[in-house]
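Enquirer: Next up, entry.cif (mmCIF, C-alpha atoms).
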```cif
data_query
loop_
_atom_site.group_PDB
_atom_site.id
_atom_site.type_symbol
_atom_site.label_atom_id
_atom_site.label_comp_id
_atom_site.auth_asym_id
_atom_site.auth_seq_id
_atom_site.Cartn_x
_atom_site.Cartn_y
_atom_site.Cartn_z
ATOM 1 C CA MET V 1 -93.568 -10.565 -145.061
ATOM 2 C CA ILE V 2 -91.415 -7.843 -146.560
ATOM 3 C CA CYS V 3 -88.355 -7.039 -144.461
ATOM 4 C CA GLY V 4 -85.078 -5.202 -144.742
ATOM 5 C CA PRO V 5 -83.283 -2.098 -143.498
ATOM 6 C CA MET V 6 -84.464 1.468 -143.732
ATOM 7 C CA PHE V 7 -84.526 2.931 -147.260
ATOM 8 C CA SER V 8 -84.810 -0.499 -148.913
ATOM 9 C CA GLY V 9 -88.302 -0.095 -150.383
ATOM 10 C CA LYS V 10 -90.349 -2.156 -147.897
ATOM 11 C CA THR V 11 -93.286 0.241 -147.785
ATOM 12 C CA GLU V 12 -93.083 0.786 -151.541
ATOM 13 C CA GLU V 13 -93.400 -2.979 -152.080
ATOM 14 C CA LEU V 14 -96.230 -3.236 -149.546
ATOM 15 C CA ILE V 15 -98.147 -0.501 -151.379
ATOM 16 C CA ARG V 16 -97.487 -2.199 -154.737
ATOM 17 C CA ARG V 17 -98.933 -5.495 -153.492
ATOM 18 C CA LEU V 18 -101.958 -3.828 -151.908
ATOM 19 C CA VAL V 19 -102.738 -1.844 -155.060
ATOM 20 C CA ARG V 20 -102.614 -5.098 -157.060
ATOM 21 C CA ALA V 21 -105.122 -6.634 -154.638
ATOM 22 C CA GLN V 22 -107.362 -3.600 -155.092
ATOM 23 C CA ILE V 23 -107.095 -3.870 -158.887
ATOM 24 C CA ALA V 24 -108.203 -7.501 -158.480
ATOM 25 C CA LYS V 25 -111.276 -6.129 -156.641
ATOM 26 C CA GLN V 26 -110.248 -7.712 -153.342
ATOM 27 C CA ASP V 27 -111.311 -5.889 -150.185
ATOM 28 C CA THR V 28 -108.271 -4.492 -148.403
ATOM 29 C CA ALA V 29 -107.611 -3.069 -144.955
ATOM 30 C CA ILE V 30 -104.333 -1.322 -144.255
ATOM 31 C CA PHE V 31 -102.895 -0.534 -140.846
ATOM 32 C CA LYS V 32 -99.910 1.164 -139.287
ATOM 33 C CA PRO V 33 -98.926 1.802 -135.669
ATOM 34 C CA ASN V 34 -99.918 5.195 -134.277
ATOM 35 C CA LEU V 35 -96.250 5.667 -133.406
ATOM 36 C CA ASP V 36 -95.470 6.228 -137.107
ATOM 37 C CA ASN V 37 -96.945 9.553 -138.142
ATOM 38 C CA ARG V 38 -93.887 10.814 -140.039
ATOM 39 C CA TYR V 39 -95.665 11.637 -143.269
ATOM 40 C CA SER V 40 -99.364 11.271 -142.588
ATOM 41 C CA GLU V 41 -101.907 9.964 -140.096
ATOM 42 C CA GLU V 42 -104.259 8.789 -142.873
ATOM 43 C CA PHE V 43 -101.806 7.078 -145.239
ATOM 44 C CA ILE V 44 -98.788 4.846 -145.235
ATOM 45 C CA VAL V 45 -96.248 6.735 -147.309
ATOM 46 C CA SER V 46 -93.043 5.447 -148.879
ATOM 47 C CA HIS V 47 -89.821 7.468 -148.937
ATOM 48 C CA ASN V 48 -90.643 8.080 -152.622
ATOM 49 C CA LYS V 49 -93.938 9.671 -151.484
ATOM 50 C CA ARG V 50 -96.128 6.911 -152.906
ATOM 51 C CA ARG V 51 -99.070 6.437 -150.564
ATOM 52 C CA ILE V 52 -102.171 4.414 -149.793
ATOM 53 C CA ARG V 53 -104.928 5.107 -147.268
ATOM 54 C CA SER V 54 -104.438 3.367 -143.930
ATOM 55 C CA VAL V 55 -105.758 3.279 -140.386
ATOM 56 C CA LEU V 56 -103.666 4.168 -137.334
ATOM 57 C CA VAL V 57 -103.897 1.576 -134.566
ATOM 58 C CA SER V 58 -102.463 1.426 -131.060
ATOM 59 C CA THR V 59 -102.389 -2.344 -130.621
ATOM 60 C CA PRO V 60 -102.640 -5.478 -132.759
ATOM 61 C CA GLN V 61 -106.055 -6.135 -131.170
ATOM 62 C CA ASP V 62 -107.250 -2.900 -132.814
ATOM 63 C CA ILE V 63 -106.525 -4.560 -136.174
ATOM 64 C CA LEU V 64 -108.932 -7.388 -135.358
ATOM 65 C CA ASP V 65 -111.540 -4.849 -134.284
ATOM 66 C CA LYS V 66 -111.236 -2.795 -137.504
ATOM 67 C CA VAL V 67 -110.471 -5.356 -140.213
ATOM 68 C CA ASN V 68 -114.163 -5.965 -141.058
ATOM 69 C CA CYS V 69 -114.523 -8.227 -144.116
ATOM 70 C CA ALA V 70 -111.169 -7.417 -145.758
ATOM 71 C CA GLU V 71 -109.638 -10.291 -147.699
ATOM 72 C CA VAL V 72 -106.166 -8.731 -147.824
ATOM 73 C CA ILE V 73 -104.677 -6.987 -144.801
ATOM 74 C CA GLY V 74 -101.601 -4.786 -145.030
ATOM 75 C CA ILE V 75 -99.562 -3.913 -141.942
ATOM 76 C CA ASP V 76 -96.680 -1.452 -142.179
ATOM 77 C CA GLU V 77 -93.902 -0.949 -139.598
ATOM 78 C CA ALA V 78 -94.734 -4.298 -137.991
ATOM 79 C CA GLN V 79 -91.617 -4.102 -135.786
ATOM 80 C CA PHE V 80 -93.308 -1.391 -133.688
ATOM 81 C CA PHE V 81 -96.081 -3.725 -132.504
ATOM 82 C CA ASP V 82 -95.783 -6.061 -129.534
ATOM 83 C CA ALA V 83 -95.694 -9.857 -129.702
ATOM 84 C CA SER V 84 -99.505 -10.084 -129.742
ATOM 85 C CA LEU V 85 -99.282 -9.221 -133.456
ATOM 86 C CA ILE V 86 -98.161 -12.818 -134.045
ATOM 87 C CA GLU V 87 -101.401 -14.254 -132.648
ATOM 88 C CA VAL V 88 -103.501 -11.649 -134.480
ATOM 89 C CA CYS V 89 -101.859 -12.658 -137.774
ATOM 90 C CA ARG V 90 -102.403 -16.357 -137.013
ATOM 91 C CA GLU V 91 -106.075 -15.715 -136.311
ATOM 92 C CA LEU V 92 -106.526 -13.744 -139.536
ATOM 93 C CA ALA V 93 -104.664 -16.387 -141.562
ATOM 94 C CA LEU V 94 -106.930 -19.104 -140.154
ATOM 95 C CA GLN V 95 -109.840 -17.061 -141.522
ATOM 96 C CA ASN V 96 -108.267 -17.439 -145.011
ATOM 97 C CA ARG V 97 -107.211 -13.816 -145.146
ATOM 98 C CA ARG V 98 -103.944 -12.768 -146.730
ATOM 99 C CA ILE V 99 -101.736 -10.663 -144.486
ATOM 100 C CA ILE V 100 -98.891 -8.648 -145.965
ATOM 101 C CA LEU V 101 -96.471 -7.298 -143.369
ATOM 102 C CA ALA V 102 -93.610 -4.857 -143.849
ATOM 103 C CA GLY V 103 -90.988 -3.968 -141.267
ATOM 104 C CA LEU V 104 -87.420 -3.812 -140.082
ATOM 105 C CA GLU V 105 -86.135 -7.202 -139.012
ATOM 106 C CA LYS V 106 -83.161 -5.624 -137.192
ATOM 107 C CA ASP V 107 -82.950 -2.622 -134.866
ATOM 108 C CA TYR V 108 -80.250 0.066 -134.935
ATOM 109 C CA LEU V 109 -77.888 -2.267 -133.051
ATOM 110 C CA GLY V 110 -78.320 -5.050 -135.625
ATOM 111 C CA LYS V 111 -80.404 -7.178 -133.229
ATOM 112 C CA PRO V 112 -83.792 -8.833 -133.996
ATOM 113 C CA PHE V 113 -86.531 -6.210 -133.757
ATOM 114 C CA GLY V 114 -89.748 -6.843 -131.841
ATOM 115 C CA PRO V 115 -92.034 -9.567 -133.203
ATOM 116 C CA MET V 116 -90.301 -9.693 -136.596
ATOM 117 C CA PRO V 117 -88.287 -12.936 -136.166
ATOM 118 C CA LYS V 118 -91.361 -14.926 -135.108
ATOM 119 C CA LEU V 119 -93.486 -13.300 -137.807
ATOM 120 C CA MET V 120 -90.869 -14.335 -140.384
ATOM 121 C CA ILE V 121 -91.136 -17.932 -139.172
ATOM 122 C CA GLU V 122 -94.942 -17.825 -139.369
ATOM 123 C CA SER V 123 -94.942 -16.330 -142.881
ATOM 124 C CA GLU V 124 -95.425 -18.485 -145.947
ATOM 125 C CA TYR V 125 -93.399 -16.035 -148.045
ATOM 126 C CA VAL V 126 -90.584 -13.742 -146.938
ATOM 127 C CA THR V 127 -89.173 -11.095 -149.238
ATOM 128 C CA LYS V 128 -85.971 -9.559 -147.957
ATOM 129 C CA VAL V 129 -85.098 -6.303 -149.676
ATOM 130 C CA LEU V 130 -81.784 -4.484 -149.507
ATOM 131 C CA ALA V 131 -80.836 -0.817 -149.641
ATOM 132 C CA ILE V 132 -77.619 0.791 -150.852
ATOM 133 C CA CYS V 133 -74.839 1.418 -148.327
ATOM 134 C CA MET V 134 -74.371 5.150 -147.889
ATOM 135 C CA GLU V 135 -70.701 4.617 -147.042
ATOM 136 C CA CYS V 136 -69.460 2.354 -149.845
ATOM 137 C CA GLY V 137 -72.334 1.729 -152.278
ATOM 138 C CA ASN V 138 -72.613 -2.028 -151.671
ATOM 139 C CA PRO V 139 -75.935 -3.737 -150.893
ATOM 140 C CA ALA V 140 -77.030 -2.731 -147.386
ATOM 141 C CA ASN V 141 -78.891 -4.840 -144.832
ATOM 142 C CA PHE V 142 -78.474 -2.644 -141.719
ATOM 143 C CA SER V 143 -79.992 0.620 -140.477
ATOM 144 C CA PHE V 144 -77.249 2.725 -138.899
ATOM 145 C CA ARG V 145 -78.399 5.374 -136.429
ATOM 146 C CA LEU V 146 -76.683 8.699 -136.965
ATOM 147 C CA SER V 147 -78.244 10.416 -133.949
ATOM 148 C CA LYS V 148 -76.960 9.868 -130.411
ATOM 149 C CA GLU V 149 -80.358 8.822 -129.022
ATOM 150 C CA SER V 150 -80.250 5.499 -127.189
ATOM 151 C CA ASN V 151 -83.947 4.554 -127.014
ATOM 152 C CA LEU V 152 -84.755 1.420 -128.985
ATOM 153 C CA VAL V 153 -87.483 3.205 -130.939
ATOM 154 C CA VAL V 154 -86.548 6.531 -132.477
ATOM 155 C CA VAL V 155 -88.755 7.313 -135.447
ATOM 156 C CA GLY V 156 -86.830 9.217 -138.082
ATOM 157 C CA GLU V 157 -85.676 9.580 -141.649
ATOM 158 C CA SER V 158 -82.326 10.244 -143.293
ATOM 159 C CA ASP V 159 -81.679 12.850 -140.593
ATOM 160 C CA LYS V 160 -81.311 10.028 -138.059
ATOM 161 C CA TYR V 161 -80.539 6.872 -140.066
ATOM 162 C CA GLU V 162 -78.726 5.606 -143.101
ATOM 163 C CA ALA V 163 -78.489 2.216 -144.749
ATOM 164 C CA ARG V 164 -75.162 0.419 -144.432
ATOM 165 C CA CYS V 165 -73.634 -2.884 -145.493
ATOM 166 C CA ARG V 166 -72.405 -5.260 -142.790
ATOM 167 C CA LYS V 167 -68.792 -4.028 -142.872
ATOM 168 C CA CYS V 168 -69.633 -0.317 -142.794
ATOM 169 C CA PHE V 169 -72.312 -0.872 -140.121
ATOM 170 C CA PHE V 170 -69.917 -2.619 -137.729
ATOM 171 C CA ASP V 171 -67.076 -0.198 -138.552
ATOM 172 C CA GLY V 172 -69.467 2.609 -137.569
ATOM 173 C CA ILE V 173 -70.443 0.847 -134.330
ATOM 174 C CA LYS V 174 -66.754 0.391 -133.426
ATOM 175 C CA GLU V 175 -66.084 4.043 -134.217
ATOM 176 C CA GLU V 176 -68.944 5.142 -131.911
ATOM 177 C CA VAL V 177 -67.681 2.916 -129.080
ATOM 178 C CA ASN V 178 -64.145 4.327 -129.392
ATOM 179 C CA LYS V 179 -65.288 7.969 -129.137
#
```
Have the structure of the file written as structure tokens, please.

Expert:
Amino acid sequence: MICGPMFSGKTEELIRRLVRAQIAKQDTAIFKPNLDNRYSEEFIVSHNKRRIRSVLVSTPQDILDKVNCAEVIGIDEAQFFDASLIEVCRELALQNRRIILAGLEKDYLGKPFGPMPKLMIESEYVTKVLAICMECGNPANFSFRLSKESNLVVVGESDKYEARCRKCFFDGIKEEVNK
């Protein structure tokens, strides 16, 4: 599991690990939710434009249907899947497959996001990566929504989000409430 806020390098790290598996001649299968088509429908793409071929799926069950004989399975933007992803990952792990997940553990309100907390508990290894706060430059662990949209899921980039440290995140929330 690779988790952290937006702009922290989660997808970059996922790609790095998957490329290493490919160099080791391990069969890989890489998936992302069809909700995330920001850069490409055929690749997961990091903010730095590094990319690796992937398959769009609608549900975690689609992963089971398309994984074939892959030894290493990569799943990007895991927070966008429903709780059935947990059981899919358990099933794959019991088949001695390595699953590498990347996703936001917190939503734009700083609350646990989707299946991420339970996936973190199920994971043997959790790597938490941090970004840089766009307000003060300190390490950032929150994704602050700049846009006024109130839906839980709003797919976007730096036009809609920025990384913030705890203090700047909650200062920003207070500022929004007082407007």

Enquirer: Find the residues around Leu130 of chain V up to 6 Å (only C-alpha atoms counted), leave out those fewer than 5 positions away in its own chain, and share them as a PyMOL selection string.

Expert: chain V and resi 4+8+140-141

Enquirer: Please evaluate the PyMOL selection byres ((chain V and resi 98-107) around 6) against the displayed coordinates and give the resulting residues as a PyMOL selection string.

Expert: chain V and resi 1-5+10+72-79+97+108-113+116

Enquirer: Output the selection as a compact mmCIF listing (two decimals), in the frame of the given file - C-alpha atoms for each residue.

Expert:
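Output (out.txt):
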```
# COMPACT_ATOMS: atom_id res chain seq x y z
CA MET V 1 -93.57 -10.56 -145.06
CA ILE V 2 -91.42 -7.84 -146.56
CA CYS V 3 -88.36 -7.04 -144.46
CA GLY V 4 -85.08 -5.20 -144.74
CA PRO V 5 -83.28 -2.10 -143.50
CA LYS V 10 -90.35 -2.16 -147.90
CA VAL V 72 -106.17 -8.73 -147.82
CA ILE V 73 -104.68 -6.99 -144.80
CA GLY V 74 -101.60 -4.79 -145.03
CA ILE V 75 -99.56 -3.91 -141.94
CA ASP V 76 -96.68 -1.45 -142.18
CA GLU V 77 -93.90 -0.95 -139.60
CA ALA V 78 -94.73 -4.30 -137.99
CA GLN V 79 -91.62 -4.10 -135.79
CA ARG V 97 -107.21 -13.82 -145.15
CA TYR V 108 -80.25 0.07 -134.94
CA LEU V 109 -77.89 -2.27 -133.05
CA GLY V 110 -78.32 -5.05 -135.62
CA LYS V 111 -80.40 -7.18 -133.23
CA PRO V 112 -83.79 -8.83 -134.00
CA PHE V 113 -86.53 -6.21 -133.76
CA MET V 116 -90.30 -9.69 -136.60
```

Enquirer: If we count all atoms listed in the file, what is near Glu87 of chain V at a cut-off of 12 Å, once residues fewer than 4 positions away on the same chain are taken out, given as a tab-separated table (two decimals) with C-alpha atoms, in the coordinates of the input?

Expert:
```tsv
chain	number	residue	atom	x	y	z
V	60	PRO	CA	-102.64	-5.48	-132.76
V	61	GLN	CA	-106.06	-6.14	-131.17
V	63	ILE	CA	-106.52	-4.56	-136.17
V	64	LEU	CA	-108.93	-7.39	-135.36
V	81	PHE	CA	-96.08	-3.72	-132.50
V	82	ASP	CA	-95.78	-6.06	-129.53
V	83	ALA	CA	-95.69	-9.86	-129.70
V	91	GLU	CA	-106.08	-15.72	-136.31
V	92	LEU	CA	-106.53	-13.74	-139.54
V	93	ALA	CA	-104.66	-16.39	-141.56
V	94	LEU	CA	-106.93	-19.10	-140.15
V	115	PRO	CA	-92.03	-9.57	-133.20
V	118	LYS	CA	-91.36	-14.93	-135.11
V	119	LEU	CA	-93.49	-13.30	-137.81
V	122	GLU	CA	-94.94	-17.82	-139.37
```

Enquirer: Show which residues sit within 10 Å of Cys136 of chain V, as a short mmCIF file (atom, residue, chain, number, x, y, z; two decimals) with C-alpha atoms, in the coordinates of the input. Count all atoms listed in the file, and ignore same-chain residues fewer than 2 positions away.

Expert:
```cif
data_model
loop_
_atom_site.label_atom_id
_atom_site.label_comp_id
_atom_site.auth_asym_id
_atom_site.auth_seq_id
_atom_site.Cartn_x
_atom_site.Cartn_y
_atom_site.Cartn_z
CA ILE V 132 -77.62 0.79 -150.85
CA CYS V 133 -74.84 1.42 -148.33
CA MET V 134 -74.37 5.15 -147.89
CA ASN V 138 -72.61 -2.03 -151.67
CA PRO V 139 -75.94 -3.74 -150.89
CA ALA V 140 -77.03 -2.73 -147.39
CA ARG V 164 -75.16 0.42 -144.43
CA CYS V 165 -73.63 -2.88 -145.49
CA LYS V 167 -68.79 -4.03 -142.87
CA CYS V 168 -69.63 -0.32 -142.79
#
```

Enquirer: Using Å and a single decimal, report how far atom CA of Val129 of chain V sits from atom CA of Ile86 of chain V.

Expert: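 Computing it gives 21.4 Å between the two atoms.
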
Enquirer: To test your reading of the syntax: which residues would the PyMOL selection byres ((chain V and resi 48) around 10) return for the file shown? Reply as a list in words.

Expert: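 After applying the PyMOL selection byres ((chain V and resi 48) around 10), what remains is Phe7, Gly9, Thr11, Glu12, Val45, Ser46, His47, Lys49, Arg50 and Arg51 of chain V.
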
Enquirer: What would the selection look like, as a list in words, if the PyMOL selection byres ((chain V and resi 155) around 8) were run on the coordinates I just shared?

Expert: Leu35, Asp36, Arg38, Val153, Val154, Gly156 and Glu157 of chain V

Enquirer: Could you check which of V:Met6, V:Lys160, V:Ser150, V:Leu14 is closest to Thr127 of chain V, using all atoms listed in the file?

Expert: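 Comparing V:Met6, V:Lys160, V:Ser150, V:Leu14 against Thr127 of chain V, the winner is V:Leu14.
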